[in-house]
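J.: Below is the file upload-v7.txt, which contains compact mmCIF, C-alpha atoms.
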# COMPACT_ATOMS: atom_id res chain seq x y z
CA MET A 899 -58.74 -9.59 28.68
CA LYS A 900 -58.56 -9.62 24.92
CA LYS A 901 -58.21 -12.93 23.11
CA GLU A 902 -54.90 -11.76 21.55
CA LYS A 903 -53.38 -11.07 24.99
CA VAL A 904 -54.50 -14.47 26.26
CA ILE A 905 -52.84 -16.14 23.27
CA LYS A 906 -49.62 -14.20 23.90
CA TYR A 907 -49.57 -15.22 27.55
CA LEU A 908 -50.20 -18.83 26.50
CA LEU A 909 -47.21 -18.64 24.13
CA ILE A 910 -44.97 -17.52 26.99
CA ILE A 911 -46.28 -20.30 29.21
CA ALA A 912 -45.83 -22.86 26.41
CA SER A 913 -42.22 -21.76 25.87
CA ILE A 914 -41.48 -22.06 29.57
CA LEU A 915 -43.18 -25.47 29.81
CA ILE A 916 -41.34 -26.81 26.76
CA SER A 917 -38.03 -25.69 28.24
CA GLY A 918 -38.91 -27.16 31.63
CA VAL A 919 -39.89 -30.55 30.21
CA ILE A 920 -36.74 -30.74 28.12
CA ILE A 921 -34.55 -29.80 31.09
CA TYR A 922 -36.32 -32.33 33.30
CA PHE A 923 -35.79 -35.15 30.78
CA ARG A 924 -32.36 -33.98 29.59
CA ASN A 925 -30.65 -37.20 30.71
CA ASP A 926 -32.99 -39.19 28.47
CA LEU A 927 -32.06 -37.16 25.38
CA ALA A 928 -28.83 -39.10 24.92
CA LYS A 929 -30.87 -42.27 24.38
CA LEU A 930 -32.24 -40.75 21.17
CA GLN A 931 -28.83 -41.14 19.51
CA GLY A 932 -29.63 -44.83 19.17
CA TYR A 933 -32.18 -43.87 16.51
CA GLY A 934 -29.52 -42.71 14.03
CA ILE A 935 -30.21 -39.66 11.89
CA LEU A 936 -33.79 -39.40 13.20
CA GLY A 937 -32.43 -39.38 16.76
CA ILE A 938 -29.95 -36.65 15.82
CA LEU A 939 -32.81 -34.58 14.39
CA LEU A 940 -34.89 -35.01 17.56
CA ILE A 941 -31.95 -34.15 19.83
CA SER A 942 -31.33 -31.05 17.77
CA ILE A 943 -34.96 -29.93 17.92
CA LEU A 944 -35.27 -30.54 21.64
CA GLY A 945 -31.84 -29.18 22.48
CA ASN A 946 -32.62 -25.90 20.75
CA ALA A 947 -36.16 -25.63 22.08
CA THR A 948 -34.96 -24.63 25.53
CA VAL A 949 -35.19 -20.89 25.97
CA VAL A 950 -32.06 -19.20 27.38
CA ILE A 951 -30.69 -22.46 28.84
CA PRO A 952 -28.20 -23.89 26.34
CA ALA A 953 -28.06 -27.59 25.48
CA PRO A 954 -24.92 -29.19 24.01
CA VAL A 955 -26.31 -29.86 20.52
CA ILE A 956 -22.93 -28.97 19.04
CA LEU A 957 -21.61 -32.26 20.46
CA THR A 958 -24.36 -34.13 18.64
CA ALA A 959 -23.16 -32.65 15.35
CA PHE A 960 -19.53 -33.40 16.18
CA ILE A 961 -20.10 -37.02 17.21
CA GLY A 962 -22.78 -37.61 14.55
CA GLY A 963 -20.41 -36.32 11.89
CA SER A 964 -17.86 -38.92 12.91
CA VAL A 965 -20.39 -41.76 12.56
CA TYR A 966 -22.62 -40.74 9.63
CA ASN A 967 -22.20 -38.66 6.49
CA PRO A 968 -21.06 -35.32 7.97
CA VAL A 969 -22.88 -33.23 5.35
CA LEU A 970 -26.15 -35.02 6.10
CA VAL A 971 -25.58 -34.68 9.86
CA GLY A 972 -24.75 -30.97 9.57
CA LEU A 973 -27.91 -30.27 7.58
CA VAL A 974 -30.13 -32.43 9.80
CA VAL A 975 -28.82 -30.74 12.96
CA ALA A 976 -29.34 -27.32 11.32
CA ILE A 977 -32.94 -28.21 10.40
CA GLY A 978 -33.63 -29.45 13.92
CA ALA A 979 -31.97 -26.44 15.50
CA THR A 980 -34.02 -24.09 13.32
CA ILE A 981 -37.26 -25.82 14.31
CA GLY A 982 -36.23 -25.78 17.97
CA GLU A 983 -35.54 -22.04 17.90
CA LEU A 984 -39.24 -21.41 17.30
CA THR A 985 -39.81 -21.57 21.07
CA GLY A 986 -37.75 -18.39 21.49
CA PHE A 987 -39.71 -16.78 18.68
CA MET A 988 -42.97 -17.81 20.41
CA ALA A 989 -41.74 -16.40 23.70
CA GLY A 990 -41.01 -13.13 21.93
CA ILE A 991 -44.49 -12.95 20.46
CA GLY A 992 -45.89 -13.60 23.91
CA GLY A 993 -43.52 -11.08 25.46
CA GLN A 994 -44.93 -8.27 23.32
CA VAL A 995 -47.52 -7.79 26.03
CA ALA A 996 -44.82 -6.72 28.48
CA ILE A 997 -42.20 -4.95 26.36
CA THR A 998 -43.87 -2.95 23.60
CA ASN A 999 -44.11 0.07 25.90
CA HIS A 1000 -40.45 -0.13 26.96
CA LYS A 1001 -38.46 2.97 26.02
CA HIS A 1002 -35.94 0.97 23.92
CA PHE A 1003 -38.49 -1.19 22.09
CA LYS A 1004 -38.76 1.09 19.04
CA LYS A 1005 -34.96 1.08 18.64
CA VAL A 1006 -34.83 -2.72 18.76
CA GLU A 1007 -37.77 -2.96 16.39
CA GLY A 1008 -36.10 -0.56 13.94
CA TRP A 1009 -32.84 -2.52 14.16
CA MET A 1010 -34.63 -5.81 13.49
CA MET A 1011 -36.48 -4.43 10.49
CA LYS A 1012 -33.29 -2.86 9.07
CA SER A 1013 -30.62 -5.44 9.95
CA GLY A 1014 -32.54 -8.38 11.36
CA PHE A 1015 -31.64 -10.94 8.71
CA LEU A 1016 -27.90 -10.30 8.93
CA THR A 1017 -28.02 -10.16 12.73
CA ILE A 1018 -29.89 -13.46 13.00
CA PHE A 1019 -27.63 -15.08 10.40
CA VAL A 1020 -24.41 -14.03 12.19
CA LEU A 1021 -25.71 -15.02 15.62
CA ALA A 1022 -26.82 -18.41 14.25
CA THR A 1023 -23.43 -18.99 12.63
CA ILE A 1024 -21.24 -18.43 15.66
CA PRO A 1025 -21.48 -20.72 18.69
CA ASN A 1026 -23.11 -18.65 21.41
CA PRO A 1027 -25.63 -19.39 24.13
CA LEU A 1028 -27.49 -16.12 23.56
CA PHE A 1029 -29.09 -16.95 20.23
CA ASP A 1030 -32.43 -17.34 22.01
CA LEU A 1031 -32.43 -13.57 22.45
CA ALA A 1032 -32.42 -13.21 18.65
CA GLY A 1033 -35.51 -15.41 18.51
CA ILE A 1034 -37.19 -13.53 21.33
CA PHE A 1035 -36.46 -10.14 19.75
CA SER A 1036 -37.61 -11.44 16.36
CA GLY A 1037 -40.93 -12.58 17.77
CA ALA A 1038 -41.38 -9.47 19.90
CA THR A 1039 -40.83 -7.14 16.95
CA ASN A 1040 -43.02 -9.14 14.56
CA TYR A 1041 -40.03 -9.91 12.38
CA PRO A 1042 -41.29 -12.09 9.50
CA ILE A 1043 -41.10 -15.72 10.59
CA LYS A 1044 -40.02 -16.91 7.12
CA LYS A 1045 -37.03 -14.57 7.20
CA PHE A 1046 -36.22 -15.63 10.76
CA LEU A 1047 -36.31 -19.31 9.79
CA LEU A 1048 -34.23 -18.77 6.64
CA ALA A 1049 -31.54 -16.70 8.38
CA THR A 1050 -31.44 -19.18 11.26
CA PHE A 1051 -31.19 -22.19 8.96
CA LEU A 1052 -28.46 -20.65 6.81
CA GLY A 1053 -26.37 -19.63 9.83
CA LYS A 1054 -26.85 -22.90 11.67
CA SER A 1055 -26.07 -24.85 8.49
CA ILE A 1056 -22.67 -23.22 8.27
CA LYS A 1057 -22.01 -23.83 11.96
CA PHE A 1058 -23.16 -27.43 12.12
CA LEU A 1059 -21.69 -28.46 8.76
CA THR A 1060 -18.34 -27.18 10.02
CA VAL A 1061 -18.71 -29.01 13.34
CA ALA A 1062 -19.84 -32.27 11.68
CA LEU A 1063 -16.95 -32.12 9.21
CA LEU A 1064 -14.54 -31.52 12.10
CA GLY A 1065 -16.01 -34.54 13.89
CA ASN A 1066 -15.56 -36.59 10.75
CA SER A 1067 -11.93 -35.58 10.30
CA PHE A 1068 -11.13 -35.90 14.01
CA PHE A 1069 -12.28 -39.51 14.36
Please lay out the structure from this file as structure tokens.

T.:
Amino acid sequence: MKKEKVIKYLLIIASILISGVIIYFRNDLAKLQGYGILGILLISILGNATVVIPAPVILTAFIGGSVYNPVLVGLVVAIGATIGELTGFMAGIGGQVAITNHKHFKKVEGWMMKSGFLTIFVLATIPNPLFDLAGIFSGATNYPIKKFLLATFLGKSIKFLTVALLGNSFF
């Protein structure tokens, strides 16, 4: 087996293991809130690092925004969420081994190269549990990681700033 294929399989395994560990220790994540802004960042990273299984990070932004500066909380949660979404991207890179020969792969690849930034941005902005698919497709189609991170951060910034400001005004 080629070294590149081994690395891709390892990326899939790593994504699954990261998700599994986070799910297993999910009850301990709430304890991180005791660490203030740093805890909020860690919860956001870990909560978004699960692939396909959503974690309620939006609540962290809402509650954090009621306790701390909501602009800071919104941006910190967006940074953490963007970092956490790299597991989906990794899974997509690893998944290339299995899907590049699929009959619809070229269509998805063309879509990502043509409209990927806007698609990722919109999906990151709206609350939806399927954003991991955007990361997976981005990785699978070799979408530039810098563009993926920028579109994700911009979209998640809008979403989490809004949620944190709502939390601030609600409480």

J.: For segment 1017-1021 of chain A, work out the shell of residues within 6 Å, counting all atoms listed in the file and skipping chain neighbours fewer than 4 positions away, then give it as number ranges by chain.

T.: A: 1049-1050, 1053

J.: To one decimal in Å, tell me the separation between atom CA of Ala976 of chain A and atom CA of Asp1030 of chain A.

T.: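 Going from atom CA of Ala976 of chain A over to atom CA of Asp1030 of chain A, I get 14.9 Å.
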
J.: Is there a way to get, as a PyMOL selection string, all residues within 7 Å of the point (-38.5, -18.6, 19.3) in file coordinates, counting all atoms listed in the file?

T.: chain A and resi 983-990+1030+1033-1034+1037

J.: Taking all atoms listed in the file into account, name the residue in A:Ile997, A:Leu1052, A:Leu915, A:Leu939 that is nearest to Ile1024 of chain A.

T.: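 Among the listed residues, A:Leu1052 lies closest to Ile1024 of chain A.
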
J.: Just checking: using all atoms listed in the file, which residue out of A:Ser1067, A:Asn999, A:Thr1023, A:Ser1055 ends up closest to Leu970 of chain A?

T.: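 Checking each of A:Ser1067, A:Asn999, A:Thr1023, A:Ser1055 against Leu970 of chain A, counting all atoms listed in the file, the winner is A:Ser1055.
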
J.: Nearest residue to Ser942 of chain A out of A:Phe1015, A:Phe1058, A:Phe1003, A:Phe1046, using all atoms listed in the file?

T.: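 Of the candidates, the smallest distance to Ser942 of chain A is held by A:Phe1058.
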
J.: For the atom pair atom CA of Ile943 of chain A and atom CA of Met1010 of chain A, what is the interatomic distance in Å to one decimal place?

T.: 24.5 Å

J.: Kindly provide, as a JSON list (two decimals) with C-alpha atoms, in the frame of the given file, the polymer residues lying within 12 Å of (-46.6, -14.8, 19.0), counting all atoms listed in the file and using the coordinates exactly as they appear in the file.

T.:
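This is the output file result-v1.json:
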[["chain", "number", "residue", "atom", "x", "y", "z"],
["A", 902, "GLU", "CA", -54.90, -11.76, 21.55],
["A", 903, "LYS", "CA", -53.38, -11.07, 24.99],
["A", 904, "VAL", "CA", -54.50, -14.47, 26.26],
["A", 905, "ILE", "CA", -52.84, -16.14, 23.27],
["A", 906, "LYS", "CA", -49.62, -14.20, 23.90],
["A", 907, "TYR", "CA", -49.57, -15.22, 27.55],
["A", 908, "LEU", "CA", -50.20, -18.83, 26.50],
["A", 909, "LEU", "CA", -47.21, -18.64, 24.13],
["A", 910, "ILE", "CA", -44.97, -17.52, 26.99],
["A", 911, "ILE", "CA", -46.28, -20.30, 29.21],
["A", 912, "ALA", "CA", -45.83, -22.86, 26.41],
["A", 913, "SER", "CA", -42.22, -21.76, 25.87],
["A", 984, "LEU", "CA", -39.24, -21.41, 17.30],
["A", 985, "THR", "CA", -39.81, -21.57, 21.07],
["A", 986, "GLY", "CA", -37.75, -18.39, 21.49],
["A", 987, "PHE", "CA", -39.71, -16.78, 18.68],
["A", 988, "MET", "CA", -42.97, -17.81, 20.41],
["A", 989, "ALA", "CA", -41.74, -16.40, 23.70],
["A", 990, "GLY", "CA", -41.01, -13.13, 21.93],
["A", 991, "ILE", "CA", -44.49, -12.95, 20.46],
["A", 992, "GLY", "CA", -45.89, -13.60, 23.91],
["A", 993, "GLY", "CA", -43.52, -11.08, 25.46],
["A", 994, "GLN", "CA", -44.93, -8.27, 23.32],
["A", 995, "VAL", "CA", -47.52, -7.79, 26.03],
["A", 1033, "GLY", "CA", -35.51, -15.41, 18.51],
["A", 1034, "ILE", "CA", -37.19, -13.53, 21.33],
["A", 1035, "PHE", "CA", -36.46, -10.14, 19.75],
["A", 1036, "SER", "CA", -37.61, -11.44, 16.36],
["A", 1037, "GLY", "CA", -40.93, -12.58, 17.77],
["A", 1038, "ALA", "CA", -41.38, -9.47, 19.90],
["A", 1039, "THR", "CA", -40.83, -7.14, 16.95],
["A", 1040, "ASN", "CA", -43.02, -9.14, 14.56],
["A", 1041, "TYR", "CA", -40.03, -9.91, 12.38],
["A", 1042, "PRO", "CA", -41.29, -12.09, 9.50],
["A", 1043, "ILE", "CA", -41.10, -15.72, 10.59]]

J.: From the options A:Leu1047, A:Leu944, A:Leu936, A:Ala996, which residue's atoms come nearest to Tyr966 of chain A, counting only C-alpha atoms?

T.: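 Checking each of A:Leu1047, A:Leu944, A:Leu936, A:Ala996 against Tyr966 of chain A, counting only C-alpha atoms, the winner is A:Leu936.
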
J.: Take segment 921-1042 of chain A from the block and save it with C-alpha atoms, as a PDB file, in the first residue's frame.

T.:
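What landed in decode37.pdb:
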ATOM      1  CA  ILE A 921     -18.344  11.559  22.998  1.00  0.00           C
ATOM      2  CA  TYR A 922     -17.078   9.278  25.761  1.00  0.00           C
ATOM      3  CA  PHE A 923     -15.973  12.223  27.921  1.00  0.00           C
ATOM      4  CA  ARG A 924     -18.846  14.543  26.931  1.00  0.00           C
ATOM      5  CA  ASN A 925     -20.122  14.818  30.505  1.00  0.00           C
ATOM      6  CA  ASP A 926     -16.740  16.158  31.594  1.00  0.00           C
ATOM      7  CA  LEU A 927     -16.803  18.952  29.003  1.00  0.00           C
ATOM      8  CA  ALA A 928     -19.119  21.065  31.148  1.00  0.00           C
ATOM      9  CA  LYS A 929     -16.404  21.223  33.815  1.00  0.00           C
ATOM     10  CA  LEU A 930     -14.257  23.240  31.402  1.00  0.00           C
ATOM     11  CA  GLN A 931     -16.589  26.230  31.801  1.00  0.00           C
ATOM     12  CA  GLY A 932     -14.950  26.816  35.167  1.00  0.00           C
ATOM     13  CA  TYR A 933     -11.845  27.942  33.278  1.00  0.00           C
ATOM     14  CA  GLY A 934     -13.511  31.069  31.888  1.00  0.00           C
ATOM     15  CA  ILE A 935     -12.713  32.159  28.348  1.00  0.00           C
ATOM     16  CA  LEU A 936     -10.065  29.438  27.973  1.00  0.00           C
ATOM     17  CA  GLY A 937     -12.665  26.844  28.988  1.00  0.00           C
ATOM     18  CA  ILE A 938     -15.112  28.266  26.446  1.00  0.00           C
ATOM     19  CA  LEU A 939     -12.431  27.969  23.751  1.00  0.00           C
ATOM     20  CA  LEU A 940     -11.699  24.341  24.683  1.00  0.00           C
ATOM     21  CA  ILE A 941     -15.398  23.425  24.769  1.00  0.00           C
ATOM     22  CA  SER A 942     -15.817  24.985  21.356  1.00  0.00           C
ATOM     23  CA  ILE A 943     -12.849  23.127  19.867  1.00  0.00           C
ATOM     24  CA  LEU A 944     -13.889  19.791  21.327  1.00  0.00           C
ATOM     25  CA  GLY A 945     -17.580  20.268  20.638  1.00  0.00           C
ATOM     26  CA  ASN A 946     -16.899  20.914  16.965  1.00  0.00           C
ATOM     27  CA  ALA A 947     -14.298  18.179  16.604  1.00  0.00           C
ATOM     28  CA  THR A 948     -16.929  15.451  16.626  1.00  0.00           C
ATOM     29  CA  VAL A 949     -17.687  14.322  13.100  1.00  0.00           C
ATOM     30  CA  VAL A 950     -21.398  14.113  12.205  1.00  0.00           C
ATOM     31  CA  ILE A 951     -22.496  13.954  15.869  1.00  0.00           C
ATOM     32  CA  PRO A 952     -23.457  17.476  16.942  1.00  0.00           C
ATOM     33  CA  ALA A 953     -22.471  18.930  20.308  1.00  0.00           C
ATOM     34  CA  PRO A 954     -24.380  21.839  21.877  1.00  0.00           C
ATOM     35  CA  VAL A 955     -21.634  24.466  21.500  1.00  0.00           C
ATOM     36  CA  ILE A 956     -24.281  27.067  20.701  1.00  0.00           C
ATOM     37  CA  LEU A 957     -25.319  26.921  24.375  1.00  0.00           C
ATOM     38  CA  THR A 958     -21.755  27.699  25.390  1.00  0.00           C
ATOM     39  CA  ALA A 959     -21.864  30.882  23.313  1.00  0.00           C
ATOM     40  CA  PHE A 960     -25.287  31.811  24.687  1.00  0.00           C
ATOM     41  CA  ILE A 961     -24.402  31.272  28.344  1.00  0.00           C
ATOM     42  CA  GLY A 962     -20.847  32.599  27.937  1.00  0.00           C
ATOM     43  CA  GLY A 963     -22.217  35.749  26.340  1.00  0.00           C
ATOM     44  CA  SER A 964     -24.343  36.370  29.407  1.00  0.00           C
ATOM     45  CA  VAL A 965     -21.337  36.096  31.743  1.00  0.00           C
ATOM     46  CA  TYR A 966     -18.422  37.574  29.775  1.00  0.00           C
ATOM     47  CA  ASN A 967     -18.025  40.190  27.063  1.00  0.00           C
ATOM     48  CA  PRO A 968     -20.327  38.793  24.341  1.00  0.00           C
ATOM     49  CA  VAL A 969     -18.129  39.991  21.472  1.00  0.00           C
ATOM     50  CA  LEU A 970     -15.101  38.245  22.974  1.00  0.00           C
ATOM     51  CA  VAL A 971     -17.142  35.086  23.633  1.00  0.00           C
ATOM     52  CA  GLY A 972     -18.557  35.056  20.099  1.00  0.00           C
ATOM     53  CA  LEU A 973     -15.107  35.373  18.553  1.00  0.00           C
ATOM     54  CA  VAL A 974     -13.516  32.822  20.894  1.00  0.00           C
ATOM     55  CA  VAL A 975     -16.266  30.280  20.196  1.00  0.00           C
ATOM     56  CA  ALA A 976     -15.894  30.938  16.447  1.00  0.00           C
ATOM     57  CA  ILE A 977     -12.118  30.381  16.639  1.00  0.00           C
ATOM     58  CA  GLY A 978     -12.596  27.162  18.603  1.00  0.00           C
ATOM     59  CA  ALA A 979     -15.339  25.947  16.287  1.00  0.00           C
ATOM     60  CA  THR A 980     -13.159  26.621  13.252  1.00  0.00           C
ATOM     61  CA  ILE A 981     -10.265  24.656  14.756  1.00  0.00           C
ATOM     62  CA  GLY A 982     -12.611  21.831  15.737  1.00  0.00           C
ATOM     63  CA  GLU A 983     -13.999  21.545  12.208  1.00  0.00           C
ATOM     64  CA  LEU A 984     -10.578  20.411  11.000  1.00  0.00           C
ATOM     65  CA  THR A 985     -11.496  16.836  12.002  1.00  0.00           C
ATOM     66  CA  GLY A 986     -14.183  16.793   9.296  1.00  0.00           C
ATOM     67  CA  PHE A 987     -11.678  18.192   6.823  1.00  0.00           C
ATOM     68  CA  MET A 988      -9.201  15.443   7.832  1.00  0.00           C
ATOM     69  CA  ALA A 989     -11.884  12.801   7.432  1.00  0.00           C
ATOM     70  CA  GLY A 990     -12.548  14.126   3.935  1.00  0.00           C
ATOM     71  CA  ILE A 991      -8.898  13.924   2.981  1.00  0.00           C
ATOM     72  CA  GLY A 992      -8.834  10.374   4.273  1.00  0.00           C
ATOM     73  CA  GLY A 993     -12.094   9.575   2.512  1.00  0.00           C
ATOM     74  CA  GLN A 994     -10.598  10.398  -0.878  1.00  0.00           C
ATOM     75  CA  VAL A 995      -9.428   6.808  -0.997  1.00  0.00           C
ATOM     76  CA  ALA A 996     -13.020   5.589  -1.104  1.00  0.00           C
ATOM     77  CA  ILE A 997     -14.930   8.278  -3.002  1.00  0.00           C
ATOM     78  CA  THR A 998     -12.788   9.688  -5.801  1.00  0.00           C
ATOM     79  CA  ASN A 999     -14.105   7.023  -8.177  1.00  0.00           C
ATOM     80  CA  HIS A1000     -17.757   7.675  -7.273  1.00  0.00           C
ATOM     81  CA  LYS A1001     -19.837   8.821 -10.247  1.00  0.00           C
ATOM     82  CA  HIS A1002     -20.854  12.100  -8.522  1.00  0.00           C
ATOM     83  CA  PHE A1003     -17.402  13.012  -7.199  1.00  0.00           C
ATOM     84  CA  LYS A1004     -16.461  15.219 -10.164  1.00  0.00           C
ATOM     85  CA  LYS A1005     -19.718  17.185  -9.789  1.00  0.00           C
ATOM     86  CA  VAL A1006     -19.074  17.784  -6.091  1.00  0.00           C
ATOM     87  CA  GLU A1007     -15.467  18.689  -6.800  1.00  0.00           C
ATOM     88  CA  GLY A1008     -16.532  21.170  -9.491  1.00  0.00           C
ATOM     89  CA  TRP A1009     -19.117  22.690  -7.155  1.00  0.00           C
ATOM     90  CA  MET A1010     -16.555  23.089  -4.374  1.00  0.00           C
ATOM     91  CA  MET A1011     -14.028  24.738  -6.659  1.00  0.00           C
ATOM     92  CA  LYS A1012     -16.674  27.077  -8.126  1.00  0.00           C
ATOM     93  CA  SER A1013     -18.869  27.874  -5.098  1.00  0.00           C
ATOM     94  CA  GLY A1014     -17.066  26.306  -2.156  1.00  0.00           C
ATOM     95  CA  PHE A1015     -16.297  29.484  -0.237  1.00  0.00           C
ATOM     96  CA  LEU A1016     -19.873  30.761  -0.331  1.00  0.00           C
ATOM     97  CA  THR A1017     -21.276  27.306   0.441  1.00  0.00           C
ATOM     98  CA  ILE A1018     -18.995  26.835   3.449  1.00  0.00           C
ATOM     99  CA  PHE A1019     -19.678  30.387   4.660  1.00  0.00           C
ATOM    100  CA  VAL A1020     -23.476  29.981   4.474  1.00  0.00           C
ATOM    101  CA  LEU A1021     -23.433  26.548   6.102  1.00  0.00           C
ATOM    102  CA  ALA A1022     -21.188  27.872   8.893  1.00  0.00           C
ATOM    103  CA  THR A1023     -23.472  30.856   9.478  1.00  0.00           C
ATOM    104  CA  ILE A1024     -26.734  28.991   9.944  1.00  0.00           C
ATOM    105  CA  PRO A1025     -27.202  26.584  12.850  1.00  0.00           C
ATOM    106  CA  ASN A1026     -27.232  23.122  11.327  1.00  0.00           C
ATOM    107  CA  PRO A1027     -25.871  19.757  12.384  1.00  0.00           C
ATOM    108  CA  LEU A1028     -24.669  18.918   8.877  1.00  0.00           C
ATOM    109  CA  PHE A1029     -21.765  21.347   8.669  1.00  0.00           C
ATOM    110  CA  ASP A1030     -19.380  18.408   9.068  1.00  0.00           C
ATOM    111  CA  LEU A1031     -20.347  17.377   5.547  1.00  0.00           C
ATOM    112  CA  ALA A1032     -18.965  20.697   4.271  1.00  0.00           C
ATOM    113  CA  GLY A1033     -15.669  19.888   5.981  1.00  0.00           C
ATOM    114  CA  ILE A1034     -15.657  16.343   4.650  1.00  0.00           C
ATOM    115  CA  PHE A1035     -16.414  17.481   1.095  1.00  0.00           C
ATOM    116  CA  SER A1036     -13.798  20.227   1.375  1.00  0.00           C
ATOM    117  CA  GLY A1037     -11.121  17.766   2.402  1.00  0.00           C
ATOM    118  CA  ALA A1038     -12.206  15.147  -0.119  1.00  0.00           C
ATOM    119  CA  THR A1039     -12.055  17.612  -3.011  1.00  0.00           C
ATOM    120  CA  ASN A1040      -8.737  19.148  -1.940  1.00  0.00           C
ATOM    121  CA  TYR A1041     -10.415  22.488  -1.357  1.00  0.00           C
ATOM    122  CA  PRO A1042      -7.704  24.880  -0.116  1.00  0.00           C
TER     123      PRO A1042
END
